[in-house]
Structure formats: structure tokens, C-alpha cells
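Structure file work-v2.cif (mmCIF, C-alpha atoms and all ligand atoms) is printed below.
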```cif
data_run
#
loop_
_atom_site.label_atom_id
_atom_site.label_comp_id
_atom_site.auth_asym_id
_atom_site.auth_seq_id
_atom_site.Cartn_x
_atom_site.Cartn_y
_atom_site.Cartn_z
CA MET K 1 -5.96 7.73 13.60
CA SER K 2 -7.30 4.32 12.77
CA LEU K 3 -8.15 3.92 9.09
CA PRO K 4 -11.56 2.30 8.42
CA LYS K 5 -11.35 -1.13 6.75
CA PRO K 6 -11.20 -2.24 4.02
CA LEU K 7 -8.31 -0.08 2.83
CA ILE K 8 -8.05 0.23 -0.94
CA ILE K 9 -4.77 1.97 -1.78
CA GLY K 10 -3.52 2.81 -5.27
CA ASN K 11 0.23 2.77 -5.93
CA TRP K 12 0.83 4.76 -9.10
CA LYS K 13 4.60 4.02 -9.08
CA MET K 14 6.40 6.19 -11.68
CA HIS K 15 3.25 7.01 -13.61
CA GLY K 16 1.27 10.23 -13.84
CA LEU K 17 1.63 13.68 -15.38
CA SER K 18 -0.49 16.79 -14.73
CA ALA K 19 -3.10 15.61 -17.22
CA GLU K 20 -3.97 12.76 -14.85
CA LEU K 21 -5.14 15.24 -12.21
CA GLU K 22 -8.33 15.53 -14.25
CA THR K 23 -8.62 12.12 -15.84
CA LEU K 24 -7.72 10.11 -12.75
CA VAL K 25 -7.78 12.15 -9.54
CA ARG K 26 -10.81 14.34 -10.22
CA ALA K 27 -12.64 11.47 -11.89
CA LEU K 28 -12.03 9.26 -8.85
CA ALA K 29 -13.18 11.98 -6.45
CA LYS K 30 -16.35 12.39 -8.51
CA ARG K 31 -17.12 8.65 -8.44
CA HIS K 32 -16.45 8.58 -4.71
CA ALA K 33 -18.76 11.53 -4.08
CA GLU K 34 -21.54 9.96 -6.16
CA THR K 35 -21.34 6.48 -4.64
CA PRO K 36 -19.41 6.51 -1.38
CA LYS K 37 -18.57 3.11 0.12
CA PRO K 38 -17.46 2.08 3.58
CA GLY K 39 -13.72 1.79 4.08
CA THR K 40 -10.72 3.87 3.10
CA LEU K 41 -9.77 4.86 -0.43
CA GLY K 42 -6.30 6.26 -1.01
CA ILE K 43 -3.87 7.04 -3.82
CA CYS K 44 -0.09 7.32 -3.87
CA PRO K 45 0.80 9.36 -6.97
CA PRO K 46 4.34 10.53 -7.80
CA PHE K 47 5.80 13.34 -5.67
CA THR K 48 5.27 15.94 -8.42
CA LEU K 49 1.50 15.49 -8.27
CA LEU K 50 1.02 15.41 -4.50
CA ILE K 51 0.27 19.08 -3.89
CA PRO K 52 -2.07 19.58 -6.87
CA ALA K 53 -3.70 16.20 -6.16
CA LYS K 54 -4.36 17.30 -2.58
CA ALA K 55 -6.14 20.38 -3.90
CA VAL K 56 -8.34 18.21 -6.13
CA LEU K 57 -9.05 15.75 -3.30
CA GLN K 58 -9.90 18.41 -0.70
CA GLY K 59 -13.08 17.37 1.08
CA SER K 60 -13.37 14.11 -0.92
CA GLY K 61 -12.40 11.78 1.91
CA ILE K 62 -9.81 10.13 -0.36
CA LEU K 63 -6.40 9.79 1.30
CA LEU K 64 -3.14 10.86 -0.26
CA GLY K 65 0.11 8.97 0.26
CA GLY K 66 3.78 9.09 -0.68
CA GLN K 67 5.63 6.13 -2.20
CA THR K 68 8.73 6.37 0.02
CA CYS K 69 10.58 8.83 2.23
CA HIS K 70 14.03 9.37 3.73
CA ALA K 71 14.72 8.32 7.30
CA LYS K 72 16.08 11.76 8.22
CA GLY K 73 13.93 14.83 8.74
CA GLN K 74 16.06 17.11 6.55
CA GLY K 75 19.61 17.56 5.36
CA ALA K 76 22.06 17.07 2.54
CA PHE K 77 20.29 14.21 0.77
CA THR K 78 20.01 15.27 -2.85
CA GLY K 79 16.95 13.90 -4.57
CA ASP K 80 15.30 12.62 -1.42
CA ILE K 81 12.13 13.64 0.37
CA SER K 82 11.35 13.61 4.09
CA ALA K 83 8.24 12.38 5.84
CA ALA K 84 7.67 15.93 7.10
CA MET K 85 7.65 17.13 3.47
CA LEU K 86 5.06 14.50 2.60
CA ALA K 87 2.94 15.58 5.57
CA ASP K 88 3.32 19.20 4.45
CA ALA K 89 2.08 18.19 0.98
CA GLY K 90 -1.06 16.70 2.52
CA CYS K 91 -0.15 13.02 2.75
CA GLU K 92 -1.51 10.81 5.52
CA ILE K 93 0.21 7.54 4.61
CA VAL K 94 3.58 6.51 3.13
CA LEU K 95 4.38 3.25 1.31
CA LEU K 96 7.66 1.86 2.61
CA GLY K 97 9.85 -1.06 1.60
CA HIS K 98 8.05 -1.80 -1.66
CA SER K 99 9.87 -4.69 -3.33
CA GLU K 100 10.79 -2.45 -6.27
CA ARG K 101 12.76 -0.31 -3.81
CA ARG K 102 14.13 -3.23 -1.82
CA ALA K 103 15.34 -4.97 -5.00
CA GLY K 104 16.14 -2.01 -7.22
CA LEU K 105 17.57 0.40 -4.66
CA GLY K 106 18.91 -1.96 -2.03
CA GLU K 107 16.54 -0.96 0.78
CA THR K 108 17.04 -3.27 3.75
CA ASP K 109 14.70 -4.12 6.60
CA ALA K 110 16.73 -1.75 8.80
CA ASP K 111 16.22 1.06 6.25
CA VAL K 112 12.50 0.38 6.15
CA LYS K 113 12.31 0.39 9.95
CA ALA K 114 14.15 3.74 10.16
CA LYS K 115 11.88 5.23 7.50
CA ALA K 116 8.80 3.90 9.30
CA GLU K 117 9.97 5.57 12.51
CA ALA K 118 10.49 8.85 10.63
CA THR K 119 7.02 8.49 9.14
CA LEU K 120 5.46 8.06 12.59
CA SER K 121 7.40 11.06 13.91
CA ALA K 122 5.94 13.17 11.12
CA GLY K 123 2.43 12.09 12.12
CA LEU K 124 1.89 9.81 9.11
CA THR K 125 0.93 6.14 8.93
CA PRO K 126 3.56 3.82 7.39
CA VAL K 127 2.38 1.10 4.99
CA VAL K 128 5.19 -1.44 5.36
CA CYS K 129 5.46 -3.75 2.33
CA ILE K 130 6.77 -7.29 2.63
CA GLY K 131 6.87 -10.21 0.20
CA GLU K 132 8.80 -13.22 -1.04
CA THR K 133 10.51 -13.81 -4.37
CA GLU K 134 9.35 -16.55 -6.69
CA ASP K 135 12.35 -18.73 -5.76
CA GLN K 136 11.53 -18.37 -2.07
CA TYR K 137 7.88 -19.19 -2.79
CA VAL K 138 8.79 -22.31 -4.76
CA ALA K 139 11.23 -23.38 -2.04
CA GLY K 140 8.48 -23.12 0.58
CA GLU K 141 10.29 -20.30 2.41
CA THR K 142 7.49 -17.72 2.24
CA LEU K 143 6.60 -17.64 5.94
CA ASP K 144 10.23 -17.55 7.08
CA VAL K 145 10.97 -14.66 4.73
CA LEU K 146 7.90 -12.72 5.81
CA GLY K 147 8.54 -13.35 9.50
CA ALA K 148 12.07 -11.96 9.19
CA GLN K 149 10.85 -8.94 7.21
CA ILE K 150 8.20 -8.19 9.83
CA ASP K 151 10.67 -8.51 12.69
CA GLY K 152 13.22 -6.31 10.92
CA SER K 153 10.99 -3.66 9.37
CA LEU K 154 8.48 -2.71 12.05
CA PRO K 155 9.12 0.66 13.67
CA ASP K 156 9.94 0.85 17.36
CA GLY K 157 6.91 2.16 19.18
CA ALA K 158 4.58 0.75 16.53
CA ASP K 159 0.91 1.00 17.33
CA ALA K 160 -1.77 -0.92 15.42
CA GLU K 161 -3.76 2.29 14.98
CA ARG K 162 -0.89 3.90 13.09
CA LEU K 163 0.52 1.03 11.07
CA VAL K 164 -0.47 -0.90 7.96
CA VAL K 165 1.31 -3.96 6.53
CA ALA K 166 1.01 -4.92 2.86
CA TYR K 167 1.80 -8.48 1.77
CA GLU K 168 2.93 -8.42 -1.84
CA PRO K 169 4.42 -11.62 -3.29
CA ILE K 170 7.08 -10.21 -5.63
CA TRP K 171 6.25 -12.73 -8.34
CA ALA K 172 2.63 -11.56 -8.35
CA ILE K 173 3.42 -7.87 -8.91
CA GLY K 174 2.55 -6.77 -12.44
CA THR K 175 2.44 -10.35 -13.72
CA GLY K 176 -1.28 -11.16 -13.69
CA ARG K 177 -0.49 -14.11 -11.40
CA THR K 178 -1.57 -14.43 -7.77
CA PRO K 179 -1.25 -17.07 -5.08
CA THR K 180 -4.35 -19.22 -4.59
CA MET K 181 -7.04 -17.82 -2.28
CA ASP K 182 -6.12 -20.50 0.22
CA GLU K 183 -2.46 -19.46 0.14
CA ILE K 184 -3.33 -15.79 0.61
CA ALA K 185 -5.57 -16.63 3.58
CA LYS K 186 -2.86 -18.78 5.20
CA VAL K 187 -0.18 -16.13 4.74
CA HIS K 188 -2.44 -13.43 6.17
CA ALA K 189 -3.24 -15.61 9.18
CA PHE K 190 0.50 -16.04 9.75
CA ILE K 191 1.15 -12.28 9.40
CA GLY K 192 -1.68 -11.52 11.84
CA GLU K 193 -0.15 -13.88 14.41
CA ARG K 194 3.32 -12.45 13.92
CA LEU K 195 2.01 -8.90 14.33
CA ALA K 196 0.15 -9.92 17.48
CA ALA K 197 3.39 -11.42 18.84
CA ALA K 198 5.09 -8.10 18.07
CA GLY K 199 2.47 -6.29 20.14
CA VAL K 200 0.53 -4.77 17.25
CA SER K 201 -2.47 -7.05 17.15
CA GLY K 202 -5.20 -5.77 14.82
CA THR K 203 -2.86 -3.97 12.41
CA PRO K 204 -4.59 -3.90 9.00
CA VAL K 205 -2.92 -6.30 6.55
CA LEU K 206 -3.38 -5.62 2.84
CA TYR K 207 -2.77 -7.96 -0.08
CA GLY K 208 -1.04 -6.64 -3.20
CA GLY K 209 0.05 -8.16 -6.50
CA SER K 210 -2.13 -8.29 -9.63
CA VAL K 211 -5.31 -7.21 -7.86
CA LYS K 212 -7.85 -6.61 -10.63
CA PRO K 213 -11.61 -6.03 -10.84
CA ASP K 214 -12.19 -9.73 -11.47
CA ASN K 215 -10.31 -11.09 -8.44
CA ALA K 216 -10.75 -8.24 -5.92
CA ALA K 217 -14.02 -9.45 -4.41
CA ALA K 218 -12.65 -12.94 -3.73
CA ILE K 219 -9.41 -11.59 -2.24
CA LEU K 220 -11.16 -8.98 -0.11
CA ALA K 221 -13.60 -11.58 1.22
CA LEU K 222 -10.76 -13.67 2.71
CA ASP K 223 -10.31 -13.76 6.47
CA GLY K 224 -7.36 -11.64 7.50
CA VAL K 225 -7.36 -9.51 4.32
CA ASP K 226 -8.13 -5.96 5.42
CA GLY K 227 -7.68 -4.32 2.05
CA VAL K 228 -5.58 -4.26 -1.10
CA LEU K 229 -2.61 -2.37 -2.51
CA VAL K 230 -3.23 -1.90 -6.22
CA GLY K 231 -0.64 -1.01 -8.85
CA GLY K 232 -1.62 -1.18 -12.53
CA ALA K 233 -5.38 -1.26 -11.97
CA SER K 234 -5.23 1.93 -9.88
CA LEU K 235 -4.36 3.85 -13.05
CA LYS K 236 -7.80 3.18 -14.54
CA VAL K 237 -10.67 4.88 -12.73
CA ASP K 238 -13.26 2.26 -13.60
CA ASP K 239 -11.05 -0.64 -12.55
CA PHE K 240 -9.90 1.02 -9.35
CA PHE K 241 -13.40 2.05 -8.35
CA THR K 242 -14.71 -1.44 -9.08
CA ILE K 243 -12.05 -2.83 -6.73
CA TYR K 244 -13.07 -0.30 -4.08
CA ALA K 245 -16.72 -1.21 -4.50
CA ALA K 246 -15.82 -4.93 -4.27
CA GLY K 247 -14.45 -4.21 -0.80
CA ALA K 248 -17.83 -2.96 0.27
CA GLY K 249 -19.49 -6.03 -1.15
CA THR K 250 -21.32 -3.95 -3.72
CA ALA K 251 -21.01 -3.69 -7.47
CA ALA K 252 -19.80 -0.38 -8.89
P1 LIG K 301 0.21 -4.57 -9.46
O1 LIG K 301 1.24 -3.85 -8.45
O2 LIG K 301 -1.17 -4.37 -8.90
O3 LIG K 301 0.40 -3.83 -10.77
O4 LIG K 301 0.59 -6.00 -9.53
C1 LIG K 301 1.05 -3.90 -7.06
C2 LIG K 301 2.16 -3.16 -6.35
O5 LIG K 301 3.32 -3.23 -6.78
O6 LIG K 301 1.90 -2.49 -5.34
#
```
Could you express the structure from this file as C-alpha cells?
Amino acid sequence: MSLPKPLIIGNWKMHGLSAELETLVRALAKRHAETPKPGTLGICPPFTLLIPAKAVLQGSGILLGGQTCHAKGQGAFTGDISAAMLADAGCEIVLLGHSERRAGLGETDADVKAKAEATLSAGLTPVVCIGETEDQYVAGETLDVLGAQIDGSLPDGADAERLVVAYEPIWAIGTGRTPTMDEIAKVHAFIGERLAAAGVSGTPVLYGGSVKPDNAAAILALDGVDGVLVGGASLKVDDFFTIYAAGAGTAA
């Protein structure tokens, strides 16, 4: 399954109660049905909302995704969730290696790789997140850091049709700050080359980190940017739909 570009994916993080099934999920499906755009629209709500969200999204064309998974298919892993469980709940994609999990929960590149392999085995598409810290950015180490993360996190047997990479500078997440457009374009060019060297040329590469309605069109217009991963702004239907519409080059 190759996902049509641009990919506009919402990462709800630890936000969302049942009430949001109406105010966010159904409202988004309604907007999408009224004014469909080219590309792929997807949301990654918390685990508790996946099954009811799938029911609301049925037939809408909007993808559902998980925010992580365990590397094993099943077993004695209290509190964890497997890729097969996410598939069973109706997910088609899984975010992996988000910096909040790498930093907060100690996920390593090897963990992300194992989870990505489990995701592929379950028939889902991994969205592998990579990004540098502010110190690394200031020290000019961004490309080295990203290169190592790509080499260490990509699943064996990766195939560009079933893989997405998201570049999220850690210092841009939730801060309202972003790299310059020139910096984003250069980093995406580098990631594209590195993915080609790894045999997965053409893998969609998303940008994430403070994507908002007012910067989405400029970011999405950059060469090498195949979509965006949106945190805070994905929790507001108008903002998220405006970002989606920006990807299609049309105003919402
Ligand atoms: P943000 O988050 O859009 O709120 O900066 C992006 C992310 O963490 O995926």
C-alpha cells in the first residue's frame, strides 16, 4: 500500500476523551466528506479511542494510526500493545520512535527498528520519527544525528511503499519555533539521499514540529517534504483541516 502524498498526520499524544469522538473525529470526517483534497489524512488518537474512532471514520478515507507499539506480537508485557492489536483496532499506520518516547522512555534506535519490523509483520506502515536536540542543532550535528538514526532505526526488509519517515527537530516540537525553510529543505534532501542509499528511495518524508495553519503551505511546498506530522494543531479541527488543505494548494 503506497499512501498518496502529501500525508497529513495528526499526533494527538496523550490527549482525547470520548467527547472528542464527536467534536474532533466526526467533525473532521464531515469536513473531509464535504471538501475532499488529494493526499492522505490520518489521525493517531490515544489507544482508548482507536476502536470507537474507527467506527466514526468508517468509509471516510481518513486513516487511523497508533502512537507506538511493542516489538513482540504478544506476551507478558503489562501495559503494552502489539502491532497486531493496533491492526485489529483498525489502524493502518504506527508512529514509532517519537522523541517524547526516545527521551522520556529511553527508546533506542534498535528498539525503534524492532518495533518497525513488528509493525510491518502486522501489515501496518511504520512512521519512523527522527530528529536532533537543540544542542545538536546549535553544534551543527543535525545531519550526523539524523544519518545515524536512519541507519539504526529502519526495519530490515524496508520497502518505500510501506515506510514513512518523519523529521521532527526536538526543539521545534510544541515550541512555536521551526528551522528556516532553507534548513528544512536541506535536511529533507539529505534524508532523501540517505534513504536512497539504504535502498528505500522514494520513501515519503514528513516534517513535524510546530506545524500550524500559517506555516503549513510554505513547509509543504518545499522540495522533499511529502507531508507533515502535526501535534497541537491536530487537536483543532479548523487548524488541522486548514493544514490539510494547504497540502493540496487550496484554501480551506
Ligand atoms: P507539535 O508536535 O506540532 O505540537 O509541535 C509535533 C509532534 O510532536 O509530532
task = Extract, using only C-alpha atoms, all DNA, RNA and protein residues at most 9 Å from K:Ile150, discarding same-chain residues fewer than 2 positions from it, and format them as a ChimeraX atom specification.
result = /K:109,128,130,145-148,152-154,165,191,194-195,198
Emit the selected residues as a PDB file, keeping the file's coordinate frame, including C-alpha atoms.
```pdb
ATOM      1  CA  ASP K 109      14.700  -4.120   6.600  1.00  0.00           C
ATOM      2  CA  VAL K 128       5.190  -1.440   5.360  1.00  0.00           C
ATOM      3  CA  ILE K 130       6.770  -7.290   2.630  1.00  0.00           C
ATOM      4  CA  VAL K 145      10.970 -14.660   4.730  1.00  0.00           C
ATOM      5  CA  LEU K 146       7.900 -12.720   5.810  1.00  0.00           C
ATOM      6  CA  GLY K 147       8.540 -13.350   9.500  1.00  0.00           C
ATOM      7  CA  ALA K 148      12.070 -11.960   9.190  1.00  0.00           C
ATOM      8  CA  GLY K 152      13.220  -6.310  10.920  1.00  0.00           C
ATOM      9  CA  SER K 153      10.990  -3.660   9.370  1.00  0.00           C
ATOM     10  CA  LEU K 154       8.480  -2.710  12.050  1.00  0.00           C
ATOM     11  CA  VAL K 165       1.310  -3.960   6.530  1.00  0.00           C
ATOM     12  CA  ILE K 191       1.150 -12.280   9.400  1.00  0.00           C
ATOM     13  CA  ARG K 194       3.320 -12.450  13.920  1.00  0.00           C
ATOM     14  CA  LEU K 195       2.010  -8.900  14.330  1.00  0.00           C
ATOM     15  CA  ALA K 198       5.090  -8.100  18.070  1.00  0.00           C
TER      16      ALA K 198
END
```
Output, as JSON, the centre and edge lengths in Å (one decimal) of the axis-aligned box that contains all listed atoms of ligand LIG 301 (chain K) with 3 Å of margin on each side.
```
{"center_x": 1.1, "center_y": -4.2, "center_z": -8.1, "size_x": 10.5, "size_y": 9.5, "size_z": 11.4}
```
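Separating atom CA of K:Gly140 from atom CA of K:Leu220 is a distance of 24.2 Å.
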K:Glu92 environment, 7 Å, only C-alpha atoms, sequence neighbours closer than 6 positions dropped, as a ChimeraX atom specification = /K:63-65,124-125
Output file for the selection above: C-alpha atoms, as a PDB file, keeping the file's coordinate frame:
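After the write, result.pdb holds the following:
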```pdb
ATOM      1  CA  LEU K  63      -6.400   9.790   1.300  1.00  0.00           C
ATOM      2  CA  LEU K  64      -3.140  10.860  -0.260  1.00  0.00           C
ATOM      3  CA  GLY K  65       0.110   8.970   0.260  1.00  0.00           C
ATOM      4  CA  LEU K 124       1.890   9.810   9.110  1.00  0.00           C
ATOM      5  CA  THR K 125       0.930   6.140   8.930  1.00  0.00           C
TER       6      THR K 125
END
```
Counting all atoms listed in the file, which residues of chain K sit at most 9 Å from some atom of ligand LIG 301 (chain K), and what is each one's closest atom pair with its distance in Å to one decimal, listed by chain and rising residue number, as JSON lines?
```
{"residue": "K:Ile9", "atom": "CA", "partner": "K:LIG301", "partner_atom": "O6", "distance": 8.8}
{"residue": "K:Gly10", "atom": "CA", "partner": "K:LIG301", "partner_atom": "O6", "distance": 7.6}
{"residue": "K:Asn11", "atom": "CA", "partner": "K:LIG301", "partner_atom": "O6", "distance": 5.6}
{"residue": "K:Trp12", "atom": "CA", "partner": "K:LIG301", "partner_atom": "O6", "distance": 8.2}
{"residue": "K:Lys13", "atom": "CA", "partner": "K:LIG301", "partner_atom": "O5", "distance": 7.7}
{"residue": "K:His98", "atom": "CA", "partner": "K:LIG301", "partner_atom": "O5", "distance": 7.1}
{"residue": "K:Ser99", "atom": "CA", "partner": "K:LIG301", "partner_atom": "O5", "distance": 7.5}
{"residue": "K:Glu100", "atom": "CA", "partner": "K:LIG301", "partner_atom": "O5", "distance": 7.5}
{"residue": "K:Cys129", "atom": "CA", "partner": "K:LIG301", "partner_atom": "O6", "distance": 8.5}
{"residue": "K:Ala166", "atom": "CA", "partner": "K:LIG301", "partner_atom": "O6", "distance": 8.6}
{"residue": "K:Glu168", "atom": "CA", "partner": "K:LIG301", "partner_atom": "O6", "distance": 7.0}
{"residue": "K:Ile170", "atom": "CA", "partner": "K:LIG301", "partner_atom": "O5", "distance": 8.0}
{"residue": "K:Trp171", "atom": "CA", "partner": "K:LIG301", "partner_atom": "O4", "distance": 8.9}
{"residue": "K:Ala172", "atom": "CA", "partner": "K:LIG301", "partner_atom": "O4", "distance": 6.0}
{"residue": "K:Ile173", "atom": "CA", "partner": "K:LIG301", "partner_atom": "O4", "distance": 3.4}
{"residue": "K:Gly174", "atom": "CA", "partner": "K:LIG301", "partner_atom": "O4", "distance": 3.6}
{"residue": "K:Thr175", "atom": "CA", "partner": "K:LIG301", "partner_atom": "O4", "distance": 6.3}
{"residue": "K:Gly176", "atom": "CA", "partner": "K:LIG301", "partner_atom": "O4", "distance": 6.9}
{"residue": "K:Arg177", "atom": "CA", "partner": "K:LIG301", "partner_atom": "O4", "distance": 8.4}
{"residue": "K:Thr178", "atom": "CA", "partner": "K:LIG301", "partner_atom": "O4", "distance": 8.9}
{"residue": "K:Tyr207", "atom": "CA", "partner": "K:LIG301", "partner_atom": "O6", "distance": 8.9}
{"residue": "K:Gly208", "atom": "CA", "partner": "K:LIG301", "partner_atom": "C1", "distance": 5.2}
{"residue": "K:Gly209", "atom": "CA", "partner": "K:LIG301", "partner_atom": "O4", "distance": 3.8}
{"residue": "K:Ser210", "atom": "CA", "partner": "K:LIG301", "partner_atom": "O4", "distance": 3.6}
{"residue": "K:Val211", "atom": "CA", "partner": "K:LIG301", "partner_atom": "O2", "distance": 5.1}
{"residue": "K:Lys212", "atom": "CA", "partner": "K:LIG301", "partner_atom": "O2", "distance": 7.3}
{"residue": "K:Val228", "atom": "CA", "partner": "K:LIG301", "partner_atom": "O6", "distance": 8.8}
{"residue": "K:Leu229", "atom": "CA", "partner": "K:LIG301", "partner_atom": "O6", "distance": 5.3}
{"residue": "K:Val230", "atom": "CA", "partner": "K:LIG301", "partner_atom": "O2", "distance": 4.2}
{"residue": "K:Gly231", "atom": "CA", "partner": "K:LIG301", "partner_atom": "O2", "distance": 3.4}
{"residue": "K:Gly232", "atom": "CA", "partner": "K:LIG301", "partner_atom": "O3", "distance": 3.8}
{"residue": "K:Ala233", "atom": "CA", "partner": "K:LIG301", "partner_atom": "O2", "distance": 6.1}
{"residue": "K:Ser234", "atom": "CA", "partner": "K:LIG301", "partner_atom": "O2", "distance": 7.6}
```
key: Atom pair atom CA of K:Leu105 / atom CA of K:Lys72: separation (Å)   = 17.2 Å
remark   = Using all atoms listed in the file, the residue out of K:Val164, K:Ala189, K:Cys44, K:Leu50 with shortest distance to K:Pro4 is K:Val164
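Checking K:Leu24, K:Pro6, K:Leu49, K:Gly131 one by one against K:Ala103, counting all atoms listed in the file, you find the shortest gap at K:Gly131.
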query = What is the atom CA of K:Ser2 to atom CA of K:Ala84 distance in Å?
reply = 19.8 Å
Restrict the calculation to only C-alpha atoms, then for each residue of stretch 66-90 of chain K with any atom at most 9 Å from an atom of stretch 51-55 of chain K give the closest atom pair and their distance in Å to one decimal, rows by chain and rising residue number, as CSV.
```
residue,atom,partner,partner_atom,distance
K:Asp88,CA,K:Ile51,CA,8.9
K:Ala89,CA,K:Ile51,CA,5.3
K:Gly90,CA,K:Lys54,CA,6.1
```
Export, as a CSV table (one decimal), in the frame of the given file, the selected residues with C-alpha atoms.
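Result file result10.csv:
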```csv
chain,number,residue,atom,x,y,z
K,88,ASP,CA,3.3,19.2,4.4
K,89,ALA,CA,2.1,18.2,1.0
K,90,GLY,CA,-1.1,16.7,2.5
```
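Of the residues listed (K:Arg162, K:Lys186, K:Lys115, K:Arg26), K:Arg162 shows the shortest atom-to-atom separation from K:Leu3; distances use all atoms listed in the file.
For the residues K:Leu222, K:Pro179, K:Gly97, K:Ile8, ranking by smallest atom-to-atom distance to K:Pro38 using all atoms listed in the file places K:Ile8 first.
Within 12 Å of K:Glu34, once all atoms listed in the file are used and residues closer than 4 positions along the same chain are dropped, the contacting residues are Ala27, Leu28, Ala29, Lys30, Ser60, Phe241 and Ala252 of chain K.
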Keeping C-alpha atoms, export the residues of the selection given above as an mmCIF file, in the frame of the given file.
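Full text of part.cif as output:
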```
data_model
loop_
_atom_site.group_PDB
_atom_site.id
_atom_site.type_symbol
_atom_site.label_atom_id
_atom_site.label_comp_id
_atom_site.auth_asym_id
_atom_site.auth_seq_id
_atom_site.Cartn_x
_atom_site.Cartn_y
_atom_site.Cartn_z
ATOM 1 C CA ALA K 27 -12.640 11.470 -11.890
ATOM 2 C CA LEU K 28 -12.030 9.260 -8.850
ATOM 3 C CA ALA K 29 -13.180 11.980 -6.450
ATOM 4 C CA LYS K 30 -16.350 12.390 -8.510
ATOM 5 C CA SER K 60 -13.370 14.110 -0.920
ATOM 6 C CA PHE K 241 -13.400 2.050 -8.350
ATOM 7 C CA ALA K 252 -19.800 -0.380 -8.890
#
```
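Considering the residues K:Ala87, K:Ala110, K:Leu17, K:Ala185 and counting all atoms listed in the file, K:Asp226 has its shortest atom-to-atom contact with K:Ala185.
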task = Would you list the residues near (0.4, 0.7, 13.6), meaning any protein, DNA or RNA residue with an atom at most 8 Å from that point in file coordinates, counting only C-alpha atoms, as an MDAnalysis selection string?
result = chainID K and resid 125:126 158:164 200 203
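Using all atoms listed in the file, the nearest neighbour of K:Gly247 within the list K:Thr180, K:Thr108, K:Thr40, K:Thr78 is K:Thr40.
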